[in-house]
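Student: Structure file upload14.tsv (TSV, C-alpha atoms) right here:
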```
chain	number	residue	atom	x	y	z
A	1	MET	CA	51.13	172.05	173.88
A	2	LYS	CA	52.69	174.98	175.71
A	3	LYS	CA	56.47	174.88	175.49
A	4	VAL	CA	58.09	172.77	178.21
A	5	THR	CA	61.67	171.87	179.01
A	6	LYS	CA	63.09	168.42	178.36
A	7	ARG	CA	63.07	167.62	182.09
A	8	GLN	CA	59.45	168.77	182.40
A	9	GLU	CA	58.56	166.43	179.53
A	10	GLU	CA	60.35	163.61	181.39
A	11	VAL	CA	58.48	164.42	184.62
A	12	LEU	CA	55.18	164.50	182.74
A	13	ASN	CA	55.95	161.13	181.16
A	14	PHE	CA	56.95	159.64	184.52
A	15	ILE	CA	53.66	160.78	186.06
A	16	ALA	CA	51.69	159.28	183.15
A	17	ARG	CA	53.58	155.98	183.40
A	18	TYR	CA	53.23	155.81	187.19
A	19	ILE	CA	49.47	156.40	187.03
A	20	GLN	CA	49.11	153.79	184.27
A	21	VAL	CA	50.91	151.15	186.36
A	22	ASN	CA	49.57	151.96	189.82
A	23	ALA	CA	46.17	153.60	189.18
A	24	TYR	CA	47.21	156.49	191.43
A	25	SER	CA	49.74	159.28	191.09
A	26	PRO	CA	53.26	159.49	192.54
A	27	THR	CA	54.17	161.66	195.50
A	28	ILE	CA	56.55	164.59	195.14
A	29	ARG	CA	59.21	162.59	196.97
A	30	GLU	CA	58.82	159.66	194.56
A	31	ILE	CA	59.30	162.02	191.63
A	32	ALA	CA	62.39	163.46	193.33
A	33	ASN	CA	63.82	159.99	194.03
A	34	PHE	CA	63.23	158.81	190.47
A	35	PHE	CA	65.12	161.75	188.96
A	36	SER	CA	67.71	161.99	191.77
A	37	ILE	CA	66.78	165.60	192.49
A	38	SER	CA	65.67	167.44	195.62
A	39	VAL	CA	62.05	167.50	196.74
A	40	LYS	CA	62.04	171.25	196.05
A	41	GLY	CA	63.34	170.59	192.53
A	42	ALA	CA	60.54	168.11	191.90
A	43	GLN	CA	58.00	170.57	193.30
A	44	ASP	CA	59.33	173.31	191.00
A	45	HIS	CA	58.89	171.09	187.92
A	46	LEU	CA	55.38	170.16	189.03
A	47	SER	CA	54.50	173.82	189.66
A	48	ALA	CA	55.69	174.71	186.15
A	49	LEU	CA	53.55	171.95	184.63
A	50	LYS	CA	50.55	173.16	186.63
A	51	LYS	CA	51.06	176.74	185.42
A	52	LYS	CA	51.18	175.48	181.83
A	53	GLY	CA	47.90	173.65	182.33
A	54	LEU	CA	49.31	170.16	181.84
A	55	VAL	CA	48.64	168.74	185.31
A	56	ARG	CA	46.41	169.59	188.25
A	57	GLN	CA	46.63	168.68	191.92
A	58	GLU	CA	44.49	169.11	195.01
A	59	GLU	CA	46.29	171.29	197.52
A	60	ARG	CA	47.84	169.54	200.54
A	61	LYS	CA	46.57	166.13	199.47
A	62	PRO	CA	49.03	163.37	198.46
A	63	ARG	CA	48.63	161.33	195.28
A	64	THR	CA	46.18	163.72	193.63
A	65	ILE	CA	48.25	164.69	190.58
A	66	GLU	CA	46.24	164.31	187.37
A	67	LEU	CA	47.15	164.80	183.73
A	68	VAL	CA	45.11	167.48	182.03
A	69	ASN	CA	43.92	166.55	178.54
A	70	ASP	CA	40.84	168.19	177.12
A	71	THR	CA	40.07	165.30	174.78
A	72	GLU	CA	41.33	161.86	173.84
A	73	GLU	CA	42.60	163.50	170.66
A	74	ASP	CA	44.87	165.70	172.79
A	75	LEU	CA	46.22	162.65	174.59
A	76	ASN	CA	47.07	160.97	171.29
A	77	GLU	CA	48.79	164.13	170.11
A	78	TYR	CA	51.20	164.23	173.05
A	79	PHE	CA	51.66	160.54	173.90
A	80	ARG	CA	52.23	157.31	171.99
A	81	SER	CA	50.84	154.07	173.36
A	82	ILE	CA	53.62	151.46	173.40
A	83	PRO	CA	52.36	147.84	173.45
A	84	ILE	CA	53.69	145.49	176.12
A	85	LEU	CA	54.33	142.18	174.37
A	86	GLY	CA	55.24	139.94	177.30
A	87	THR	CA	58.33	139.10	179.33
A	88	VAL	CA	62.06	139.15	178.57
A	89	ALA	CA	64.65	137.34	180.66
A	90	ALA	CA	67.53	139.24	182.20
A	91	GLY	CA	68.95	135.88	183.22
A	92	SER	CA	68.49	132.58	181.43
A	93	PRO	CA	66.31	132.88	178.30
A	94	THR	CA	62.62	132.23	178.94
A	95	LEU	CA	59.65	131.85	176.66
A	96	ALA	CA	58.38	135.17	175.33
A	97	ILE	CA	54.63	135.63	175.43
A	98	GLU	CA	54.13	137.61	172.24
A	99	ASN	CA	50.62	138.70	173.03
A	100	MET	CA	49.82	142.26	173.93
A	101	ASP	CA	49.74	142.60	177.71
A	102	GLY	CA	48.59	146.19	178.02
A	103	SER	CA	50.48	149.30	177.00
A	104	ILE	CA	52.40	152.22	178.43
A	105	PRO	CA	52.14	155.88	177.41
A	106	LEU	CA	55.34	157.62	176.34
A	107	HIS	CA	55.64	161.29	175.54
A	108	ARG	CA	56.24	161.71	171.80
A	109	SER	CA	59.30	163.87	172.43
A	110	LEU	CA	61.09	160.77	173.78
A	111	LEU	CA	60.51	158.75	170.60
A	112	LYS	CA	61.49	158.93	166.93
A	113	ASP	CA	58.52	159.57	164.64
A	114	ASN	CA	59.52	157.00	162.02
A	115	ARG	CA	60.40	154.10	164.32
A	116	ASP	CA	58.37	151.32	165.94
A	117	TYR	CA	58.63	150.44	169.63
A	118	PHE	CA	57.42	147.75	172.00
A	119	ALA	CA	57.84	147.05	175.71
A	120	LEU	CA	58.64	143.94	177.72
A	121	PHE	CA	58.58	143.13	181.42
A	122	VAL	CA	62.04	142.25	182.75
A	123	ARG	CA	62.54	139.08	184.77
A	124	GLY	CA	65.86	138.09	186.37
A	125	ASP	CA	68.96	139.83	187.70
A	126	SER	CA	71.68	139.27	185.09
A	127	MET	CA	71.68	142.93	184.00
A	128	GLU	CA	71.55	144.52	187.44
A	129	GLU	CA	75.08	145.98	187.24
A	130	VAL	CA	73.85	148.38	184.54
A	131	GLY	CA	70.75	149.26	186.57
A	132	ILE	CA	68.24	146.83	185.03
A	133	VAL	CA	66.44	144.80	187.69
A	134	ASP	CA	63.63	142.30	188.01
A	135	GLY	CA	60.24	143.97	187.58
A	136	ASP	CA	61.43	146.79	185.31
A	137	THR	CA	59.70	147.57	182.03
A	138	ALA	CA	62.06	147.74	179.05
A	139	VAL	CA	61.15	149.88	176.04
A	140	ILE	CA	62.69	148.53	172.86
A	141	GLU	CA	63.29	150.30	169.55
A	142	GLN	CA	62.45	147.70	166.94
A	143	GLN	CA	65.36	146.93	164.59
A	144	ASN	CA	67.22	143.88	163.30
A	145	THR	CA	70.80	145.10	163.85
A	146	VAL	CA	72.64	146.59	166.82
A	147	ASN	CA	76.19	147.77	167.45
A	148	ASN	CA	78.66	145.99	169.69
A	149	GLY	CA	78.16	147.07	173.28
A	150	GLU	CA	74.48	147.95	172.89
A	151	ILE	CA	71.86	146.20	175.02
A	152	ALA	CA	69.61	144.15	172.76
A	153	VAL	CA	66.62	141.85	172.85
A	154	VAL	CA	67.61	138.67	171.02
A	155	MET	CA	65.49	135.66	170.12
A	156	LEU	CA	67.02	132.23	170.67
A	157	GLU	CA	64.80	129.54	169.15
A	158	ASP	CA	61.48	130.09	170.99
A	159	SER	CA	62.80	132.36	173.75
A	160	VAL	CA	64.12	135.89	174.15
A	161	THR	CA	66.76	137.42	176.37
A	162	LEU	CA	68.05	140.90	177.18
A	163	LYS	CA	71.85	141.12	177.07
A	164	THR	CA	74.76	143.29	175.93
A	165	PHE	CA	75.45	142.29	172.33
A	166	TYR	CA	78.86	141.55	170.76
A	167	ARG	CA	79.48	140.15	167.30
A	168	GLU	CA	82.75	138.19	167.21
A	169	SER	CA	84.50	136.67	164.18
A	170	SER	CA	82.55	133.42	164.12
A	171	ARG	CA	79.90	133.75	166.81
A	172	ILE	CA	77.66	136.08	168.82
A	173	LYS	CA	78.36	136.80	172.48
A	174	LEU	CA	75.43	137.84	174.67
A	175	LYS	CA	77.03	139.26	177.79
A	176	PRO	CA	75.21	139.48	181.13
A	177	GLU	CA	75.98	142.52	183.27
A	178	ASN	CA	76.27	140.53	186.49
A	179	SER	CA	79.49	138.76	187.49
A	180	LYS	CA	77.50	135.76	188.72
A	181	TYR	CA	76.59	134.79	185.16
A	182	SER	CA	78.56	133.58	182.14
A	183	PRO	CA	78.09	134.89	178.59
A	184	ILE	CA	75.82	133.08	176.15
A	185	TYR	CA	77.56	132.14	172.87
A	186	CYS	CA	75.58	131.38	169.76
A	187	THR	CA	75.86	131.31	165.97
A	188	ASN	CA	75.59	134.35	163.77
A	189	ASP	CA	72.01	133.57	162.72
A	190	VAL	CA	70.32	134.76	165.93
A	191	ARG	CA	67.35	137.06	165.44
A	192	ILE	CA	67.75	140.56	166.86
A	193	LEU	CA	64.40	142.10	167.82
A	194	GLY	CA	65.62	145.54	168.86
A	195	LYS	CA	67.76	147.63	171.18
A	196	LEU	CA	66.98	148.95	174.62
A	197	VAL	CA	66.13	152.66	174.74
A	198	TYR	CA	64.38	153.17	178.10
A	199	ILE	CA	63.87	151.39	181.41
A	200	PHE	CA	60.89	152.26	183.60
A	201	ARG	CA	60.47	151.21	187.20
A	202	SER	CA	57.51	151.34	189.54
A	203	TYR	CA	58.18	152.00	193.25
A	204	ARG	CA	55.43	150.05	195.01
```
Kindly return the structure encoded in the file as structure tokens.

Tutor:
Amino acid sequence: MKKVTKRQEEVLNFIARYIQVNAYSPTIREIANFFSISVKGAQDHLSALKKKGLVRQEERKPRTIELVNDTEEDLNEYFRSIPILGTVAAGSPTLAIENMDGSIPLHRSLLKDNRDYFALFVRGDSMEEVGIVDGDTAVIEQQNTVNNGEIAVVMLEDSVTLKTFYRESSRIKLKPENSKYSPIYCTNDVRILGKLVYIFRSYR
């Protein structure tokens, strides 16, 4: 791949994710809104990606951005397919459907080569004060330990929940990030599935 900046990689990944979810490409304004930049800034990033041969677009036509990959082998070189394994509650714990429910492409530069990842659909509003809302897609780095203050996916019996994790002297506190909800307290033998690394949102 021709050398791109970190932000250009992020824009490329956003376009890939948006197309995967919606079956059509984002507008320049949607790219600008997602990254909190000006429309001109978004256009400049897109122009750079076009010059490097990574995307193409029909002039003066909305939603015509396409990723340019010569072969499927090229696509696999630049992107990893992250499996979506079901739904996680950002509210009261709900049953996790641990069956693959599609996948999302993530640019390899955003991921660690030696780690495993999975994605879950977010349901509920208990994490909205840290910007996680109902309908988001959470990308999780798979691991069985997390540090205090990290946002984790935790299994409770036959359910999973997404909360800020704290290990106390004799119990685990799973803290919602919404003042309407109370923490969940449980014993030290809860199963940690991983920590949150990315949140993706579709504007539809």

Student: Draw an axis-aligned box over all listed atoms of region 161-167 of chain A, pad each side with 8 Å, and write its centre and edge lengths in Å, one decimal, as lines of an AutoDock Vina configuration file.

Tutor:
```
center_x = 73.1
center_y = 140.4
center_z = 172.2
size_x = 28.7
size_y = 21.9
size_z = 25.9
```

Student: I'd like the contact shell of Lys3 (chain A) - 12 Å cut-off, only C-alpha atoms, skipping same-chain residues fewer than 6 positions apart - returned as a list in words.

Tutor: Glu9, Ala48, Leu49, Lys51, Lys52, Gly53, Leu54 and Ser109 of chain A

Student: Select, from A:Glu10, A:Asp101, A:Glu177, A:Asp125, the residue with the minimum atom-to-atom distance to Leu85 (chain A), counting all atoms listed in the file.

Tutor: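 Nearest to Leu85 (chain A): A:Asp101.
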
Student: By how many Å are CA of Arg63 (chain A) and CA of Pro26 (chain A) apart?

Tutor: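 Between these atoms lies a distance of 5.7 Å.
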
Student: For Glu157 (chain A), list every protein, DNA or RNA residue within 9 Å, evaluated using only C-alpha atoms, and leave out those in the same chain fewer than 2 positions away; present the list as a PyMOL selection string.

Tutor: chain A and resi 155+159-160+190-191

Student: Limited to C-alpha atoms, could you put the picked residues into a file as a PDB file, in the coordinates of the input?

Tutor:
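Produced file selection-v9.pdb, reproduced below:
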```
ATOM      1  CA  MET A 155      65.490 135.660 170.120  1.00  0.00           C
ATOM      2  CA  SER A 159      62.800 132.360 173.750  1.00  0.00           C
ATOM      3  CA  VAL A 160      64.120 135.890 174.150  1.00  0.00           C
ATOM      4  CA  VAL A 190      70.320 134.760 165.930  1.00  0.00           C
ATOM      5  CA  ARG A 191      67.350 137.060 165.440  1.00  0.00           C
TER       6      ARG A 191
END
```

Student: Show which residues sit within 10 Å of Ile132 (chain A), as a list in words. Count all atoms listed in the file, and ignore same-chain residues fewer than 2 positions away.

Tutor: Ala90, Val122, Arg123, Gly124, Asp125, Ser126, Met127, Glu128, Glu129, Val130, Asp134, Gly135, Asp136, Thr137, Ala138, Leu162, Glu177, Ile199, Phe200 and Arg201 of chain A

Student: Considering all atoms listed in the file, give me a table of residues in region 169-196 of chain A that are at most 7 Å from region 147-153 of chain A, with the closest atom pair and distance in Å for each, as CSV.

Tutor:
```
residue,atom,partner,partner_atom,distance
A:Ile192,CA,A:Val153,CA,6.2
A:Leu193,CA,A:Val153,CA,5.5
A:Gly194,CA,A:Val153,CA,5.5
A:Lys195,CA,A:Ala152,CA,4.2
A:Leu196,CA,A:Ile151,CA,5.6
```

Student: What is the CA of Leu174 (chain A)-CA of Cys186 (chain A) distance in Å, reported with one decimal?

Tutor: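 Separating CA of Leu174 (chain A) from CA of Cys186 (chain A) is a distance of 8.1 Å.
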
Student: Which residue gives the smallest distance to Ile184 (chain A) among A:Asn13, A:Thr27, A:Thr164, A:Ser170, with all atoms listed in the file counted?

Tutor: A:Thr164

Student: For a test of reading the model, state the distance in Å between CA of Ala16 (chain A) and CA of Leu67 (chain A), rounded to one decimal.

Tutor: 7.2 Å

Student: Calculated over all atoms listed in the file, which of the candidates A:Ile65, A:Tyr166, A:Thr161, A:Thr5 has the smallest distance to Gly86 (chain A)?

Tutor: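 Between A:Ile65, A:Tyr166, A:Thr161, A:Thr5, the residue approaching Gly86 (chain A) most closely is A:Thr161.
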
Student: Using all atoms listed in the file, pick whichever of A:Ser81, A:Ile19, A:Ser182, A:Val11 has the shortest atom-to-atom distance to Gln43 (chain A).

Tutor: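 Under the stated criterion, the closest residue is A:Val11.
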
Student: For a quick check of understanding, using only C-alpha atoms, which of A:Lys112, A:Val68, A:Lys40, A:Lys61 has the smallest distance to Ile15 (chain A)?

Tutor: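 Nearest to Ile15 (chain A): A:Val68.
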
Student: Using only C-alpha atoms, can you tell me which of A:Thr145, A:Ser38, A:Lys180, A:Ser47 comes closest to Phe165 (chain A)?

Tutor: A:Thr145
